[in-house]
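Engineer: Sending over a structure as structure tokens; questions will come in a sec.
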There are 2 protein chains.
Amino acid sequence: MSTDKKEIRLPHHHSDNIDIVLAKLPSQEDCMQVAEIFKQISDGSRLRILWLLCHCEECVSNIAVAMEMSDPAVSHHLKLLRKSGLIVSRRDGKEVYYRLADTRQAQLVHHVCEEMFRISCPLG
Amino acid sequence: MSTDKKEIRLPHHHSDNIDIVLAKLPSQEDCMQVAEIFKQISDGSRLRILWLLCHCEECVSNIAVAMEMSDPAVSHHLKLLRKSGLIVSRRDGKEVYYRLADTRQAQLVHHVCEEMFRISCPLG
DNA sequence: TGAACATTTAAGCACTTATTTAATTGTTTG
DNA sequence: CAAACAATTAAATAAGTGCTTAAATGTTCA
């Protein structure tokens, strides 16, 4: 397994440590993978659903009413969130309950959401 | 100024503290505002550009070569990042230099990106 | 089994987005 | 001023997204 990076020669030279920085530049693949996580909280509706699931476990119809959204719209977002690994689901009778996943990614996303709301919406 | 929230009555009752949670639920407007920040790092190319600007100040053509992208594509992403307030620019002669903004949002985004790469791409 | 409830899926639509190529603007310097 | 370089903007396009309505699937219980 090789860890070589493509040699990049920049047209201009501004700083001496640019080569060190470029050596650590994440690959396109890694960036796409990480961006996929952030994509989950890049939509207001989905971010709001995730915020709720950071604070309680709930079933689809309750989430839909709380969000003032249709069931299919909520189901669509829950599917994306589950596919990304940020939430998990369990069925109990007729209802399917969703909650935050117990992973480091989910914990980090939870944390950054709380902080960003604190910073950007201090009166909220 | 009123801080009232719309009364929401859920179809099902699963937990007793759901009302407390719903009382703290961020508004749709606040969620859209915060999601707008996360939208900046929800695209792999833009996330990679921002990662670079977290580590150095650079001009457009150098960024384009480093990213192996066209100048207009890079310029497009830089425009979005600047509009969001995460980066700032300065012109020096023919070149325009971009760097991370000195704001709490930018610092938080920087931090969460570093952590997410560490967690999701430990070998990168 | 069949009716009612809960959730998901399918199809379609309006809208957004990332990129390319080409043209334009801004800046320096011969 | 004109040529060269740096960056941005414009137009066009292909792909993706969020939501709606309608249909289908899954589950319970009388």
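Residues in the structure tokens are numbered from 1 in each chain, the chains being A, B, ... in the order shown, and ligands are numbered from 1 in the order shown.
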Counting only C-alpha atoms (C1' of nucleotides), which residues of chain C come no farther than 10 Å from chain A, as a list in words?

Structural biologist: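 In the required form, that comes to DC5, DA6, DT7, DT8 and DT9 of chain C.
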
Engineer: Deliver the residues from the most recent selection as a file, using C-alpha atoms (C1' of nucleotides), as a PDB file, in the first residue's frame.

Structural biologist:
ATOM      1  C1'  DC C   5     -53.400   2.912  12.035  1.00  0.00           C
ATOM      2  C1'  DA C   6     -48.244   3.800  11.076  1.00  0.00           C
ATOM      3  C1'  DT C   7     -44.764   4.029   7.906  1.00  0.00           C
ATOM      4  C1'  DT C   8     -42.557   3.651   3.601  1.00  0.00           C
ATOM      5  C1'  DT C   9     -42.198   3.815  -1.357  1.00  0.00           C
TER       6       DT C   9
END

Engineer: Tell me the residues of chain D close to chain A, meaning within 9 Å using only C-alpha atoms (C1' of nucleotides), as an MDAnalysis selection string.

Structural biologist: chainID D and resid 18:20 26:28

Engineer: Report as a list in words all protein, DNA and RNA residues lying within 9 Å of Phe117 (chain A), evaluated on only C-alpha atoms (C1' of nucleotides), omitting residues in the same chain fewer than 3 positions from it.

Structural biologist: Val112, Cys113, Glu114, Ser120, Cys121, Pro122 and Gly124 of chain A; Pro26, Asp30, Cys31 and Val34 of chain B

Engineer: Using N, CA and C atoms, can you export the residues from the last selection as a PDB file, in the first residue's frame?

Structural biologist:
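Now in again-v8.pdb:
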ATOM      1  N   VAL A 112     -21.504  19.888  17.719  1.00  0.00           N
ATOM      2  CA  VAL A 112     -21.307  21.067  16.874  1.00  0.00           C
ATOM      3  C   VAL A 112     -22.634  21.782  16.615  1.00  0.00           C
ATOM      4  N   CYS A 113     -23.727  21.027  16.554  1.00  0.00           N
ATOM      5  CA  CYS A 113     -25.039  21.665  16.390  1.00  0.00           C
ATOM      6  C   CYS A 113     -25.367  22.526  17.606  1.00  0.00           C
ATOM      7  N   GLU A 114     -25.186  21.969  18.782  1.00  0.00           N
ATOM      8  CA  GLU A 114     -25.460  22.739  20.007  1.00  0.00           C
ATOM      9  C   GLU A 114     -24.638  24.020  20.026  1.00  0.00           C
ATOM     10  N   SER A 120     -24.763  31.183  16.897  1.00  0.00           N
ATOM     11  CA  SER A 120     -25.470  31.909  15.835  1.00  0.00           C
ATOM     12  C   SER A 120     -26.855  32.383  16.244  1.00  0.00           C
ATOM     13  N   CYS A 121     -27.484  31.707  17.204  1.00  0.00           N
ATOM     14  CA  CYS A 121     -28.843  32.064  17.618  1.00  0.00           C
ATOM     15  C   CYS A 121     -28.898  32.165  19.136  1.00  0.00           C
ATOM     16  N   PRO A 122     -28.151  33.091  19.723  1.00  0.00           N
ATOM     17  CA  PRO A 122     -28.063  33.147  21.188  1.00  0.00           C
ATOM     18  C   PRO A 122     -29.401  33.422  21.861  1.00  0.00           C
ATOM     19  N   GLY A 124     -32.298  32.150  20.838  1.00  0.00           N
ATOM     20  CA  GLY A 124     -33.252  31.101  20.459  1.00  0.00           C
ATOM     21  C   GLY A 124     -33.628  30.169  21.622  1.00  0.00           C
TER      22      GLY A 124
ATOM     23  N   PRO B  26     -35.435  24.566  18.294  1.00  0.00           N
ATOM     24  CA  PRO B  26     -35.116  25.784  17.535  1.00  0.00           C
ATOM     25  C   PRO B  26     -36.159  26.040  16.451  1.00  0.00           C
ATOM     26  N   ASP B  30     -34.159  29.708  12.621  1.00  0.00           N
ATOM     27  CA  ASP B  30     -32.844  29.467  13.213  1.00  0.00           C
ATOM     28  C   ASP B  30     -32.181  28.241  12.588  1.00  0.00           C
ATOM     29  N   CYS B  31     -32.971  27.213  12.323  1.00  0.00           N
ATOM     30  CA  CYS B  31     -32.412  26.001  11.718  1.00  0.00           C
ATOM     31  C   CYS B  31     -31.908  26.273  10.312  1.00  0.00           C
ATOM     32  N   VAL B  34     -28.555  28.179  10.636  1.00  0.00           N
ATOM     33  CA  VAL B  34     -27.438  27.316  11.026  1.00  0.00           C
ATOM     34  C   VAL B  34     -27.103  26.331   9.904  1.00  0.00           C
TER      35      VAL B  34
END

Engineer: Taking a cut-off of 6 Å and counting only C-alpha atoms, can you build a table that, for each residue of chain A near chain B, reports the nearest atom pair and how far apart they are in Å (one decimal), sorted by chain then residue number, as a tab-separated table?

Structural biologist:
residue	atom	partner	partner_atom	distance
A:Leu10	CA	B:Asn62	CA	5.5
A:Cys31	CA	B:Gly44	CA	4.9
A:Met32	CA	B:Gly44	CA	4.3
A:Ala35	CA	B:Ser42	CA	4.5
A:Phe38	CA	B:Ser42	CA	4.9
A:Lys39	CA	B:Ser42	CA	4.3
A:Ile41	CA	B:Ala35	CA	6.0
A:Ser42	CA	B:Lys39	CA	4.3
A:Asp43	CA	B:Ala35	CA	5.4
A:Gly44	CA	B:Met32	CA	4.3
A:Asn62	CA	B:Leu10	CA	5.5

Engineer: For the residues selected in the previous step, produce a file with N, CA and C atoms as a PDB file, in the first residue's frame.

Structural biologist:
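Listing of result.pdb after writing:
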ATOM      1  N   LEU A  10       2.940  24.680  -7.449  1.00  0.00           N
ATOM      2  CA  LEU A  10       2.076  25.860  -7.486  1.00  0.00           C
ATOM      3  C   LEU A  10       2.653  26.936  -8.381  1.00  0.00           C
ATOM      4  N   CYS A  31     -12.549  13.787   1.640  1.00  0.00           N
ATOM      5  CA  CYS A  31     -13.376  14.994   1.737  1.00  0.00           C
ATOM      6  C   CYS A  31     -14.822  14.695   1.374  1.00  0.00           C
ATOM      7  N   MET A  32     -15.001  13.873   0.355  1.00  0.00           N
ATOM      8  CA  MET A  32     -16.369  13.501  -0.018  1.00  0.00           C
ATOM      9  C   MET A  32     -17.060  12.722   1.093  1.00  0.00           C
ATOM     10  N   ALA A  35     -17.809  15.179   3.896  1.00  0.00           N
ATOM     11  CA  ALA A  35     -18.856  16.107   3.452  1.00  0.00           C
ATOM     12  C   ALA A  35     -20.228  15.435   3.505  1.00  0.00           C
ATOM     13  N   PHE A  38     -21.675  16.036   6.849  1.00  0.00           N
ATOM     14  CA  PHE A  38     -22.122  17.419   7.024  1.00  0.00           C
ATOM     15  C   PHE A  38     -23.345  17.715   6.155  1.00  0.00           C
ATOM     16  N   LYS A  39     -23.488  16.976   5.060  1.00  0.00           N
ATOM     17  CA  LYS A  39     -24.646  17.165   4.195  1.00  0.00           C
ATOM     18  C   LYS A  39     -25.941  16.898   4.963  1.00  0.00           C
ATOM     19  N   ILE A  41     -26.723  17.789   7.900  1.00  0.00           N
ATOM     20  CA  ILE A  41     -27.181  18.949   8.684  1.00  0.00           C
ATOM     21  C   ILE A  41     -27.122  20.231   7.855  1.00  0.00           C
ATOM     22  N   SER A  42     -27.091  20.066   6.526  1.00  0.00           N
ATOM     23  CA  SER A  42     -27.030  21.222   5.640  1.00  0.00           C
ATOM     24  C   SER A  42     -28.415  21.640   5.151  1.00  0.00           C
ATOM     25  N   ASP A  43     -29.434  20.922   5.587  1.00  0.00           N
ATOM     26  CA  ASP A  43     -30.813  21.293   5.260  1.00  0.00           C
ATOM     27  C   ASP A  43     -31.547  21.616   6.563  1.00  0.00           C
ATOM     28  N   GLY A  44     -32.249  22.740   6.565  1.00  0.00           N
ATOM     29  CA  GLY A  44     -32.896  23.213   7.780  1.00  0.00           C
ATOM     30  C   GLY A  44     -33.873  22.212   8.378  1.00  0.00           C
ATOM     31  N   ASN A  62     -45.153  11.489  15.414  1.00  0.00           N
ATOM     32  CA  ASN A  62     -44.903  12.563  16.379  1.00  0.00           C
ATOM     33  C   ASN A  62     -43.905  13.573  15.826  1.00  0.00           C
TER      34      ASN A  62
END

Engineer: Mind pulling up the distance from CA of Leu78 (chain B) to CA of Leu50 (chain A)?

Structural biologist: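 Computing the Euclidean distance for CA of Leu50 (chain A) and CA of Leu78 (chain B) yields 28.4 Å.
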
Engineer: Assign secondary structure with DSSP using the backbone only, and return the residues of chain A in helix (DSSP H, G or I) as an MDAnalysis selection string.

Structural biologist: chainID A and resid 18:24 28:39 44:55 60:67 71:84 104:120

Engineer: Would you mind exporting C-alpha atoms of the selected residues as a PDB file, in the first residue's frame?

Structural biologist:
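Written output follows (selection.pdb):
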ATOM      1  CA  ILE A  18       2.858  25.438   1.943  1.00  0.00           C
ATOM      2  CA  ASP A  19       4.467  22.119   1.027  1.00  0.00           C
ATOM      3  CA  ILE A  20       3.936  20.840   4.553  1.00  0.00           C
ATOM      4  CA  VAL A  21       0.302  21.911   4.399  1.00  0.00           C
ATOM      5  CA  LEU A  22      -0.260  20.303   1.007  1.00  0.00           C
ATOM      6  CA  ALA A  23       1.322  17.084   2.259  1.00  0.00           C
ATOM      7  CA  LYS A  24      -1.450  16.873   4.834  1.00  0.00           C
ATOM      8  CA  GLN A  28     -10.814  14.067  -2.536  1.00  0.00           C
ATOM      9  CA  GLU A  29     -12.278  10.743  -1.403  1.00  0.00           C
ATOM     10  CA  ASP A  30     -11.851  11.549   2.283  1.00  0.00           C
ATOM     11  CA  CYS A  31     -13.376  14.994   1.737  1.00  0.00           C
ATOM     12  CA  MET A  32     -16.369  13.501  -0.018  1.00  0.00           C
ATOM     13  CA  GLN A  33     -16.845  11.035   2.802  1.00  0.00           C
ATOM     14  CA  VAL A  34     -16.709  13.708   5.490  1.00  0.00           C
ATOM     15  CA  ALA A  35     -18.856  16.107   3.452  1.00  0.00           C
ATOM     16  CA  GLU A  36     -21.501  13.389   3.299  1.00  0.00           C
ATOM     17  CA  ILE A  37     -21.879  13.627   7.081  1.00  0.00           C
ATOM     18  CA  PHE A  38     -22.122  17.419   7.024  1.00  0.00           C
ATOM     19  CA  LYS A  39     -24.646  17.165   4.195  1.00  0.00           C
ATOM     20  CA  GLY A  44     -32.896  23.213   7.780  1.00  0.00           C
ATOM     21  CA  SER A  45     -35.676  20.647   8.034  1.00  0.00           C
ATOM     22  CA  ARG A  46     -33.277  17.752   8.499  1.00  0.00           C
ATOM     23  CA  LEU A  47     -31.185  19.672  11.000  1.00  0.00           C
ATOM     24  CA  ARG A  48     -34.330  20.379  13.011  1.00  0.00           C
ATOM     25  CA  ILE A  49     -35.346  16.714  12.964  1.00  0.00           C
ATOM     26  CA  LEU A  50     -31.868  15.718  14.052  1.00  0.00           C
ATOM     27  CA  TRP A  51     -31.921  18.292  16.830  1.00  0.00           C
ATOM     28  CA  LEU A  52     -35.095  16.669  18.136  1.00  0.00           C
ATOM     29  CA  LEU A  53     -33.555  13.193  17.963  1.00  0.00           C
ATOM     30  CA  CYS A  54     -30.524  14.496  19.846  1.00  0.00           C
ATOM     31  CA  HIS A  55     -32.865  15.152  22.750  1.00  0.00           C
ATOM     32  CA  VAL A  60     -42.420   9.214  12.806  1.00  0.00           C
ATOM     33  CA  SER A  61     -45.902  10.661  13.241  1.00  0.00           C
ATOM     34  CA  ASN A  62     -44.903  12.563  16.379  1.00  0.00           C
ATOM     35  CA  ILE A  63     -41.872  13.964  14.590  1.00  0.00           C
ATOM     36  CA  ALA A  64     -44.045  14.987  11.647  1.00  0.00           C
ATOM     37  CA  VAL A  65     -46.476  16.871  13.870  1.00  0.00           C
ATOM     38  CA  ALA A  66     -43.688  18.500  15.851  1.00  0.00           C
ATOM     39  CA  MET A  67     -42.015  19.635  12.620  1.00  0.00           C
ATOM     40  CA  ASP A  71     -45.180  12.031   7.089  1.00  0.00           C
ATOM     41  CA  PRO A  72     -43.521  11.196   3.739  1.00  0.00           C
ATOM     42  CA  ALA A  73     -41.290  14.251   3.930  1.00  0.00           C
ATOM     43  CA  VAL A  74     -40.175  13.305   7.437  1.00  0.00           C
ATOM     44  CA  SER A  75     -39.720   9.671   6.413  1.00  0.00           C
ATOM     45  CA  HIS A  76     -37.531  10.814   3.543  1.00  0.00           C
ATOM     46  CA  HIS A  77     -35.218  12.764   5.852  1.00  0.00           C
ATOM     47  CA  LEU A  78     -35.128   9.953   8.421  1.00  0.00           C
ATOM     48  CA  LYS A  79     -34.053   7.575   5.693  1.00  0.00           C
ATOM     49  CA  LEU A  80     -31.149   9.834   4.732  1.00  0.00           C
ATOM     50  CA  LEU A  81     -30.124  10.328   8.357  1.00  0.00           C
ATOM     51  CA  ARG A  82     -30.214   6.597   9.014  1.00  0.00           C
ATOM     52  CA  LYS A  83     -28.313   5.830   5.823  1.00  0.00           C
ATOM     53  CA  SER A  84     -25.583   8.227   6.968  1.00  0.00           C
ATOM     54  CA  ARG A 104     -18.413   9.257  17.641  1.00  0.00           C
ATOM     55  CA  GLN A 105     -19.666  10.897  14.445  1.00  0.00           C
ATOM     56  CA  ALA A 106     -23.139  11.341  15.919  1.00  0.00           C
ATOM     57  CA  GLN A 107     -21.742  12.706  19.185  1.00  0.00           C
ATOM     58  CA  LEU A 108     -19.570  15.180  17.303  1.00  0.00           C
ATOM     59  CA  VAL A 109     -22.470  16.292  15.115  1.00  0.00           C
ATOM     60  CA  HIS A 110     -24.639  16.703  18.207  1.00  0.00           C
ATOM     61  CA  HIS A 111     -21.957  18.809  19.858  1.00  0.00           C
ATOM     62  CA  VAL A 112     -21.307  21.067  16.874  1.00  0.00           C
ATOM     63  CA  CYS A 113     -25.039  21.665  16.390  1.00  0.00           C
ATOM     64  CA  GLU A 114     -25.460  22.739  20.007  1.00  0.00           C
ATOM     65  CA  GLU A 115     -22.467  25.046  19.746  1.00  0.00           C
ATOM     66  CA  MET A 116     -23.533  26.529  16.429  1.00  0.00           C
ATOM     67  CA  PHE A 117     -27.022  27.280  17.728  1.00  0.00           C
ATOM     68  CA  ARG A 118     -25.464  28.859  20.813  1.00  0.00           C
ATOM     69  CA  ILE A 119     -23.172  31.033  18.716  1.00  0.00           C
ATOM     70  CA  SER A 120     -25.470  31.909  15.835  1.00  0.00           C
TER      71      SER A 120
END

Engineer: What gap, in Å, lies between C1' of DA24 (chain D) and C1' of DA14 (chain C)?

Structural biologist: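 Interatomic distance here is 25.4 Å.
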
Engineer: For DA11 (chain D), please output as a ChimeraX atom specification all residues within 12 Å (counting only C-alpha atoms (C1' of nucleotides); exclusion window: fewer than 4 positions along the same chain).

Structural biologist: /C:20-23

Engineer: For the residues selected in the previous step, produce a file with C-alpha atoms (C1' of nucleotides) as a PDB file, in the first residue's frame.

Structural biologist:
ATOM      1  C1'  DT C  20     -17.539  23.851 -18.054  1.00  0.00           C
ATOM      2  C1'  DT C  21     -16.431  27.146 -21.651  1.00  0.00           C
ATOM      3  C1'  DA C  22     -16.239  31.732 -23.038  1.00  0.00           C
ATOM      4  C1'  DA C  23     -16.266  36.436 -22.153  1.00  0.00           C
TER       5       DA C  23
END

Engineer: I need the strand (DSSP E) residues of chain B per DSSP on the backbone, written as an MDAnalysis selection string.

Structural biologist: chainID B and resid 58:59 87:92 95:100

Engineer: The selected residues should be written to file as a compact mmCIF listing (two decimals), in the first residue's frame (atoms: C-alpha atoms).

Structural biologist:
# COMPACT_ATOMS: atom_id res chain seq x y z
CA GLU B 58 -3.57 31.43 -0.56
CA CYS B 59 -4.42 33.04 -3.87
CA ILE B 87 -13.55 33.21 4.87
CA VAL B 88 -12.32 36.69 3.99
CA SER B 89 -10.29 38.02 1.07
CA ARG B 90 -7.79 40.74 0.35
CA ARG B 91 -6.30 41.89 -2.91
CA ASP B 92 -2.56 42.38 -3.27
CA GLU B 95 -3.82 38.40 -6.83
CA VAL B 96 -6.66 37.93 -4.37
CA TYR B 97 -5.79 36.09 -1.19
CA TYR B 98 -8.31 34.13 0.82
CA ARG B 99 -8.07 33.00 4.43
CA LEU B 100 -10.27 31.75 7.23

Engineer: Between C1' of DA3 (chain C) and C1' of DA22 (chain D), measure the distance and give it in Å to one decimal.

Structural biologist: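 Value for the C1' of DA3 (chain C)-C1' of DA22 (chain D) distance: 20.0 Å.
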